[in-house]
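Below: one structure, written as structure tokens.
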Amino acid sequence: MPSQGAPTFLTPRGGAWACRNCTSSCRSFTLGPVEPEVIRGLEARRVEADWAPAAAAPWYTLRRGPDGQDHAFLSYRGDGCVFLREDGLCAIHALYGAESKPGFCRSFPIELVEEPRGIAVVARPACDRLFESSRDGQPLSEVAAEVYAQRRLAPRRRFAPERVETLPGVWLDTPRWLSLEDALREALWEHREDPELRVARLVRRLAAESGVAPPEPRLPAYQLAARAVFEALRIYLGFILQGEAGAPAHRVAFIQAVLSDVEEARYAPELRAPLTPEAMDYAGLLLRSALLAKDVHTLGSVSAGLGEWLAGMLLAVAVHRVGSDEPVTAADLARVHSRWVKLAAHPAIREVLRKARPALVDLVLHAGAPQEN
């Protein structure tokens with residue numbers, strides 16, 4: 001990446017975002033670390049006098065941050081940030097302007113990832129209404145520079161390995177992978193397909209690029225792999241729920257909701273369901289974004305990362321199938337998938353997914369298997 005001048009911003013085709021006041025950033029997340037100047041500014045303004053909930057209890061606490069140092073974290077009130085108003089708006093924003101908010105509040109759900117060619121810019125599906133923004137929001141290319149200029153304590157992710165494992169035992173050097181990544185994202189833009197067929201297309205392209213024979217997908221192996229992933233998550237979420245006695249109600253409610261999703265997916269009679277064209281387009285945007293943001297590398301290989309992504313899609317589809325025979329809409333997909341994204345970001349769940357890597361890889365290798373008569 002060039003060290004001088006403006007960086008090169010890389011965005012997924014169709015990537016856009018506009019705030020819908022869904023309050024995703026104000027709930028279910030760790031509210032920090034907060035920049036010291038933000039805390040000093042709010043203290044200087046005596047925010048407790050302007051916002052009564054901040055006076056009722058400490059509005060921030062000092063905790064250990066990702067850098068090992070003590071930092072300020074905003075407090076929760078009920079199921080959201082202490083500064084979350086009843087109308088879903090931010091009290092800090094309303095009182096003092098957007099520039100007075102913590103960096104993570106101003107940038108959510110935009111994520112920047114440093115890679116050899118520049119800065120990858122994506123909108124995170126942890127935003128509950130991202131699918132709406134993808135239709136008429138501001139293009140990410142237009143907000144990238146502003147977000148990049150904002151100061152944040154949390155470090156940006158960096159992607160600079162010497163080589164990348166694509167299929168099991170198949171490696172590409174990073175420059176070759178990045179060129180292939182562009183081609184994969186372009187192919188995803190050109191084809192409108194259900195999630196498993198998209199993944200199957202990528203597997204065939206990865207095999208062809210590496211000069212290996214593509215796997216022969218088998219439906220029983222595909223279904224077994226999916227149920228193995230959901231069973232591992234079900235067991236672990238049950239343990240978490242048992243240990244959450246006395247935890248904040250919003251955290252318990254979130255775990256219960258995700259556990260219900262996983263149980264429905266585990267027992268769903270089928271793992272497939274038709275998607276509306278809009279839902280297929282949204283799934284394609286999510287996969288293009290996962291590739292560009294290098295999410296498919298966080299479990300150690302592209303195939304495992306694609307398996308994690310596909311598991312989230314299957315979870316949303318299976319939950320929908322339990323209560324409806326209608327096609328899955330973009331809203332249906334986003335409603336469950338956003339919970340999956342928040343769950344998968346938890347360090348303990350990431351460890352479960354690492355242990356479930358063989359099943360995730362099998363899920364990818366057998367994606368697109370023909371349905372049995």
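Chain labels run A, B, ... following the order of the structure tokens; each chain numbers its residues from 1, and ligands are numbered from 1 in the order shown.
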Cut-off 12 Å: closest stretch 144-211 of chain A/stretch 304-308 of chain A atom pairs per residue, using only C-alpha atoms, as a tab-separated table:
```
residue	atom	partner	partner_atom	distance
A:Val164	CA	A:Gly305	CA	11.9
A:Glu165	CA	A:Ala304	CA	9.6
A:Thr166	CA	A:Ala304	CA	8.8
A:Leu167	CA	A:Ala304	CA	8.6
A:Pro168	CA	A:Ala304	CA	9.0
A:Pro195	CA	A:Leu306	CA	10.4
A:Glu196	CA	A:Gly307	CA	9.9
A:Arg198	CA	A:Leu306	CA	10.3
A:Val199	CA	A:Leu306	CA	7.2
A:Ala200	CA	A:Leu306	CA	10.1
A:Arg201	CA	A:Leu306	CA	11.8
A:Leu202	CA	A:Leu306	CA	9.3
A:Val203	CA	A:Leu306	CA	9.5
A:Leu206	CA	A:Leu306	CA	11.9
```
Go ahead and write the selection's residues with C-alpha atoms as a JSON list (two decimals), in the first residue's frame.
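Saved as out-v7.json:
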```
[["chain", "number", "residue", "atom", "x", "y", "z"],
["A", 164, "VAL", "CA", -3.33, -18.35, 0.99],
["A", 165, "GLU", "CA", -4.88, -21.82, 1.33],
["A", 166, "THR", "CA", -7.88, -22.02, -0.98],
["A", 167, "LEU", "CA", -9.05, -25.64, -1.13],
["A", 168, "PRO", "CA", -7.67, -28.22, 1.35],
["A", 195, "PRO", "CA", -26.11, -19.17, -1.69],
["A", 196, "GLU", "CA", -25.04, -22.81, -2.03],
["A", 198, "ARG", "CA", -22.77, -19.40, -5.52],
["A", 199, "VAL", "CA", -20.35, -21.25, -3.26],
["A", 200, "ALA", "CA", -20.29, -24.24, -5.61],
["A", 201, "ARG", "CA", -19.39, -21.91, -8.48],
["A", 202, "LEU", "CA", -16.51, -20.46, -6.44],
["A", 203, "VAL", "CA", -15.23, -23.96, -5.57],
["A", 206, "LEU", "CA", -10.77, -22.32, -7.21]]
```
Using only C-alpha atoms, find each residue in stretch 56-113 of chain A having at least one atom no more than 7 Å away from stretch 150-160 of chain A; report its shortest atom-to-atom pair and that distance in Å (one decimal), rows by chain then rising number, as CSV.
```
residue,atom,partner,partner_atom,distance
A:Gly103,CA,A:Arg152,CA,5.1
A:Phe104,CA,A:Arg152,CA,6.7
A:Leu112,CA,A:Arg156,CA,6.5
A:Val113,CA,A:Arg157,CA,5.1
```
May I ask which of the residues A:His366, A:Arg20, A:His297, A:Arg205 is the closest one to A:Pro161, counting only C-alpha atoms?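 Closest to A:Pro161 of all the choices is A:His297.
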Residues within 12 Å of A:Leu259, please, as number ranges by chain. Count only C-alpha atoms; anything in the same chain fewer than 5 positions from it doesn't count. A: 230-241, 252-254, 264-266, 315, 319, 336, 339-340, 343
Residues of the last selection are to be written out with C-alpha atoms, as a PDB file, in the first residue's frame.
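Result written to selection29.pdb:
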```
ATOM      1  CA  PHE A 230     -25.311 -26.405  14.138  1.00  0.00           C
ATOM      2  CA  GLU A 231     -25.083 -29.191  16.730  1.00  0.00           C
ATOM      3  CA  ALA A 232     -21.697 -27.922  17.942  1.00  0.00           C
ATOM      4  CA  LEU A 233     -23.109 -24.423  18.270  1.00  0.00           C
ATOM      5  CA  ARG A 234     -26.263 -25.677  20.002  1.00  0.00           C
ATOM      6  CA  ILE A 235     -24.256 -27.496  22.651  1.00  0.00           C
ATOM      7  CA  TYR A 236     -21.948 -24.586  23.322  1.00  0.00           C
ATOM      8  CA  LEU A 237     -24.737 -21.984  23.397  1.00  0.00           C
ATOM      9  CA  GLY A 238     -26.541 -24.156  25.931  1.00  0.00           C
ATOM     10  CA  PHE A 239     -23.468 -24.085  28.154  1.00  0.00           C
ATOM     11  CA  ILE A 240     -23.212 -20.299  27.780  1.00  0.00           C
ATOM     12  CA  LEU A 241     -26.861 -19.836  28.691  1.00  0.00           C
ATOM     13  CA  VAL A 252     -29.546 -13.479  27.825  1.00  0.00           C
ATOM     14  CA  ALA A 253     -32.276 -12.611  25.300  1.00  0.00           C
ATOM     15  CA  PHE A 254     -29.748 -12.510  22.465  1.00  0.00           C
ATOM     16  CA  GLU A 264     -34.563 -24.818  14.327  1.00  0.00           C
ATOM     17  CA  ALA A 265     -31.781 -25.160  11.749  1.00  0.00           C
ATOM     18  CA  ARG A 266     -30.641 -28.438  13.306  1.00  0.00           C
ATOM     19  CA  LEU A 315     -29.266 -20.812   9.300  1.00  0.00           C
ATOM     20  CA  VAL A 319     -35.305 -20.685  10.375  1.00  0.00           C
ATOM     21  CA  VAL A 336     -31.476 -13.981  11.132  1.00  0.00           C
ATOM     22  CA  ARG A 339     -27.707 -12.328  14.565  1.00  0.00           C
ATOM     23  CA  TRP A 340     -25.367 -14.931  13.104  1.00  0.00           C
ATOM     24  CA  LEU A 343     -22.637 -14.428  17.281  1.00  0.00           C
TER      25      LEU A 343
END
```
Two-atom distance - atom CA of A:Cys19, atom CA of A:Leu184 (Å): 29.0 Å
Every residue of stretch 151-243 of chain A that DSSP places in alpha helix (DSSP H), as a VMD selection string: chain A and resid 174 to 190 195 to 210 219 to 242
Residues of stretch 242-355 of chain A that approach stretch 130-146 of chain A to 7 Å or less, counting only C-alpha atoms: could you list each one with the shortest pair of atoms and its distance in Å to one decimal, rows by chain and increasing residue number, as CSV?
```
residue,atom,partner,partner_atom,distance
A:Tyr282,CA,A:Phe131,CA,6.5
A:Ala330,CA,A:Phe131,CA,6.7
A:Ala334,CA,A:Phe131,CA,6.6
```
N, CA and C atoms of the current selection, written as a PDB file, in the first residue's frame:
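After the write, out31.pdb holds the following:
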```pdb
ATOM      1  N   TYR A 282     -28.968  -9.743  -2.402  1.00  0.00           N
ATOM      2  CA  TYR A 282     -28.390  -9.351  -1.120  1.00  0.00           C
ATOM      3  C   TYR A 282     -27.354 -10.376  -0.656  1.00  0.00           C
ATOM      4  N   ALA A 330     -35.335 -10.797   1.277  1.00  0.00           N
ATOM      5  CA  ALA A 330     -34.125 -10.153   1.793  1.00  0.00           C
ATOM      6  C   ALA A 330     -34.285  -9.807   3.262  1.00  0.00           C
ATOM      7  N   ALA A 334     -31.880 -11.162   6.204  1.00  0.00           N
ATOM      8  CA  ALA A 334     -31.124 -10.221   7.032  1.00  0.00           C
ATOM      9  C   ALA A 334     -31.471 -10.349   8.509  1.00  0.00           C
TER      10      ALA A 334
END
```
Residue among A:Asn21, A:Ala6, A:Ile92, A:Val82 lying closest to A:Leu42, counting only C-alpha atoms: A:Ile92
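Proximity to A:Gln69 was assessed for A:Pro33, A:Gln223, A:Met313, A:Val122 counting only C-alpha atoms; the smallest distance is recorded for A:Pro33.
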Just the residues within 7 Å of stretch 352-363 of chain A, please, counting only C-alpha atoms, with nothing from its chain fewer than 6 positions along; format it as a list in words. Tyr222, Ala225, Ala226, Ala228, Val229, Leu299, Ser303, Ala304, Gly307 and Glu308 of chain A
Could you write those residues out with N, CA and C atoms, as a PDB file, in the first residue's frame?
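Done, and the output landed in result-v5.pdb:
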```pdb
ATOM      1  N   TYR A 222     -23.321 -33.049   2.502  1.00  0.00           N
ATOM      2  CA  TYR A 222     -23.666 -31.633   2.671  1.00  0.00           C
ATOM      3  C   TYR A 222     -24.586 -31.442   3.884  1.00  0.00           C
ATOM      4  N   ALA A 225     -22.762 -32.243   7.213  1.00  0.00           N
ATOM      5  CA  ALA A 225     -21.842 -31.186   7.607  1.00  0.00           C
ATOM      6  C   ALA A 225     -22.592 -30.011   8.233  1.00  0.00           C
ATOM      7  N   ALA A 226     -23.713 -29.626   7.636  1.00  0.00           N
ATOM      8  CA  ALA A 226     -24.493 -28.512   8.172  1.00  0.00           C
ATOM      9  C   ALA A 226     -25.004 -28.833   9.574  1.00  0.00           C
ATOM     10  N   ALA A 228     -23.778 -30.943  11.688  1.00  0.00           N
ATOM     11  CA  ALA A 228     -22.657 -31.028  12.631  1.00  0.00           C
ATOM     12  C   ALA A 228     -22.275 -29.644  13.146  1.00  0.00           C
ATOM     13  N   VAL A 229     -22.249 -28.650  12.253  1.00  0.00           N
ATOM     14  CA  VAL A 229     -21.930 -27.282  12.657  1.00  0.00           C
ATOM     15  C   VAL A 229     -22.977 -26.757  13.622  1.00  0.00           C
ATOM     16  N   LEU A 299     -10.551 -18.184   9.448  1.00  0.00           N
ATOM     17  CA  LEU A 299     -10.483 -19.536  10.003  1.00  0.00           C
ATOM     18  C   LEU A 299      -9.314 -20.330   9.427  1.00  0.00           C
ATOM     19  N   SER A 303     -11.694 -22.064   2.014  1.00  0.00           N
ATOM     20  CA  SER A 303     -12.797 -23.029   2.055  1.00  0.00           C
ATOM     21  C   SER A 303     -13.490 -23.016   3.413  1.00  0.00           C
ATOM     22  N   ALA A 304     -12.732 -22.918   4.506  1.00  0.00           N
ATOM     23  CA  ALA A 304     -13.352 -22.850   5.830  1.00  0.00           C
ATOM     24  C   ALA A 304     -14.127 -21.550   5.998  1.00  0.00           C
ATOM     25  N   GLY A 307     -17.260 -21.736   4.262  1.00  0.00           N
ATOM     26  CA  GLY A 307     -18.166 -22.580   5.035  1.00  0.00           C
ATOM     27  C   GLY A 307     -18.860 -21.806   6.138  1.00  0.00           C
ATOM     28  N   GLU A 308     -18.120 -20.927   6.802  1.00  0.00           N
ATOM     29  CA  GLU A 308     -18.741 -20.099   7.839  1.00  0.00           C
ATOM     30  C   GLU A 308     -19.821 -19.214   7.225  1.00  0.00           C
TER      31      GLU A 308
END
```
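One distance worth recording is that between atom CA of A:Ile349 and atom CA of A:Asp194, which is 26.0 Å.
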Two-atom distance - atom CA of A:Leu333, atom CA of A:Gln256 (Å): 18.8 Å
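Distance check against A:Leu219 using only C-alpha atoms: of A:Pro109, A:Val364, A:Glu326, A:Glu99, the minimum falls on A:Val364.
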Using the chain letters and numbers from this document, which residues of stretch 62-111 of chain A does DSSP assign to strand (DSSP E), as a PyMOL selection string? chain A and resi 62-64+70-74+76-77+80-81+110-111
Residue neighbourhood A:Pro53, 10 Å, only C-alpha atoms, exclusion window fewer than 2 positions, as a PyMOL selection string: chain A and resi 47-51+55-59+77+82-85
Given the selection you just returned, output its residues as a file containing N, CA and C atoms, formatted as a PDB file, in the first residue's frame.
```
ATOM      1  N   VAL A  47     -22.042  16.238  30.712  1.00  0.00           N
ATOM      2  CA  VAL A  47     -23.120  15.546  30.039  1.00  0.00           C
ATOM      3  C   VAL A  47     -24.166  15.041  31.021  1.00  0.00           C
ATOM      4  N   GLU A  48     -23.779  14.813  32.290  1.00  0.00           N
ATOM      5  CA  GLU A  48     -24.751  14.337  33.287  1.00  0.00           C
ATOM      6  C   GLU A  48     -25.871  15.349  33.506  1.00  0.00           C
ATOM      7  N   ALA A  49     -25.541  16.623  33.352  1.00  0.00           N
ATOM      8  CA  ALA A  49     -26.561  17.662  33.544  1.00  0.00           C
ATOM      9  C   ALA A  49     -27.517  17.736  32.359  1.00  0.00           C
ATOM     10  N   ASP A  50     -27.035  17.358  31.173  1.00  0.00           N
ATOM     11  CA  ASP A  50     -27.860  17.436  29.970  1.00  0.00           C
ATOM     12  C   ASP A  50     -28.611  16.147  29.677  1.00  0.00           C
ATOM     13  N   TRP A  51     -28.125  15.034  30.232  1.00  0.00           N
ATOM     14  CA  TRP A  51     -28.744  13.735  29.945  1.00  0.00           C
ATOM     15  C   TRP A  51     -28.880  12.972  31.257  1.00  0.00           C
ATOM     16  N   ALA A  55     -26.485  10.647  34.647  1.00  0.00           N
ATOM     17  CA  ALA A  55     -26.289  11.031  36.039  1.00  0.00           C
ATOM     18  C   ALA A  55     -26.759   9.951  36.993  1.00  0.00           C
ATOM     19  N   ALA A  56     -27.619   9.056  36.512  1.00  0.00           N
ATOM     20  CA  ALA A  56     -28.189   8.034  37.385  1.00  0.00           C
ATOM     21  C   ALA A  56     -27.186   6.949  37.744  1.00  0.00           C
ATOM     22  N   ALA A  57     -26.159   6.770  36.940  1.00  0.00           N
ATOM     23  CA  ALA A  57     -25.143   5.743  37.178  1.00  0.00           C
ATOM     24  C   ALA A  57     -23.895   6.143  36.404  1.00  0.00           C
ATOM     25  N   PRO A  58     -22.770   5.573  36.687  1.00  0.00           N
ATOM     26  CA  PRO A  58     -21.573   5.901  35.897  1.00  0.00           C
ATOM     27  C   PRO A  58     -21.829   5.629  34.426  1.00  0.00           C
ATOM     28  N   TRP A  59     -21.585   6.631  33.586  1.00  0.00           N
ATOM     29  CA  TRP A  59     -21.879   6.460  32.162  1.00  0.00           C
ATOM     30  C   TRP A  59     -20.717   5.825  31.406  1.00  0.00           C
ATOM     31  N   ARG A  77     -27.589   0.726  29.636  1.00  0.00           N
ATOM     32  CA  ARG A  77     -28.795   1.028  30.413  1.00  0.00           C
ATOM     33  C   ARG A  77     -29.918   0.219  29.785  1.00  0.00           C
ATOM     34  N   VAL A  82     -26.124   3.679  27.316  1.00  0.00           N
ATOM     35  CA  VAL A  82     -26.693   4.650  28.255  1.00  0.00           C
ATOM     36  C   VAL A  82     -27.153   5.914  27.542  1.00  0.00           C
ATOM     37  N   PHE A  83     -26.607   6.191  26.358  1.00  0.00           N
ATOM     38  CA  PHE A  83     -26.987   7.395  25.619  1.00  0.00           C
ATOM     39  C   PHE A  83     -28.028   7.126  24.532  1.00  0.00           C
ATOM     40  N   LEU A  84     -28.577   5.919  24.487  1.00  0.00           N
ATOM     41  CA  LEU A  84     -29.609   5.600  23.505  1.00  0.00           C
ATOM     42  C   LEU A  84     -30.949   6.160  23.972  1.00  0.00           C
ATOM     43  N   ARG A  85     -31.566   7.008  23.164  1.00  0.00           N
ATOM     44  CA  ARG A  85     -32.848   7.608  23.520  1.00  0.00           C
ATOM     45  C   ARG A  85     -33.999   6.661  23.197  1.00  0.00           C
TER      46      ARG A  85
END
```
So which one's closest to A:Val121, A:Val262, A:Ile39, A:Leu89, A:Leu10? Using only C-alpha atoms, please.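 Closest to A:Val121, using only C-alpha atoms: A:Leu10.
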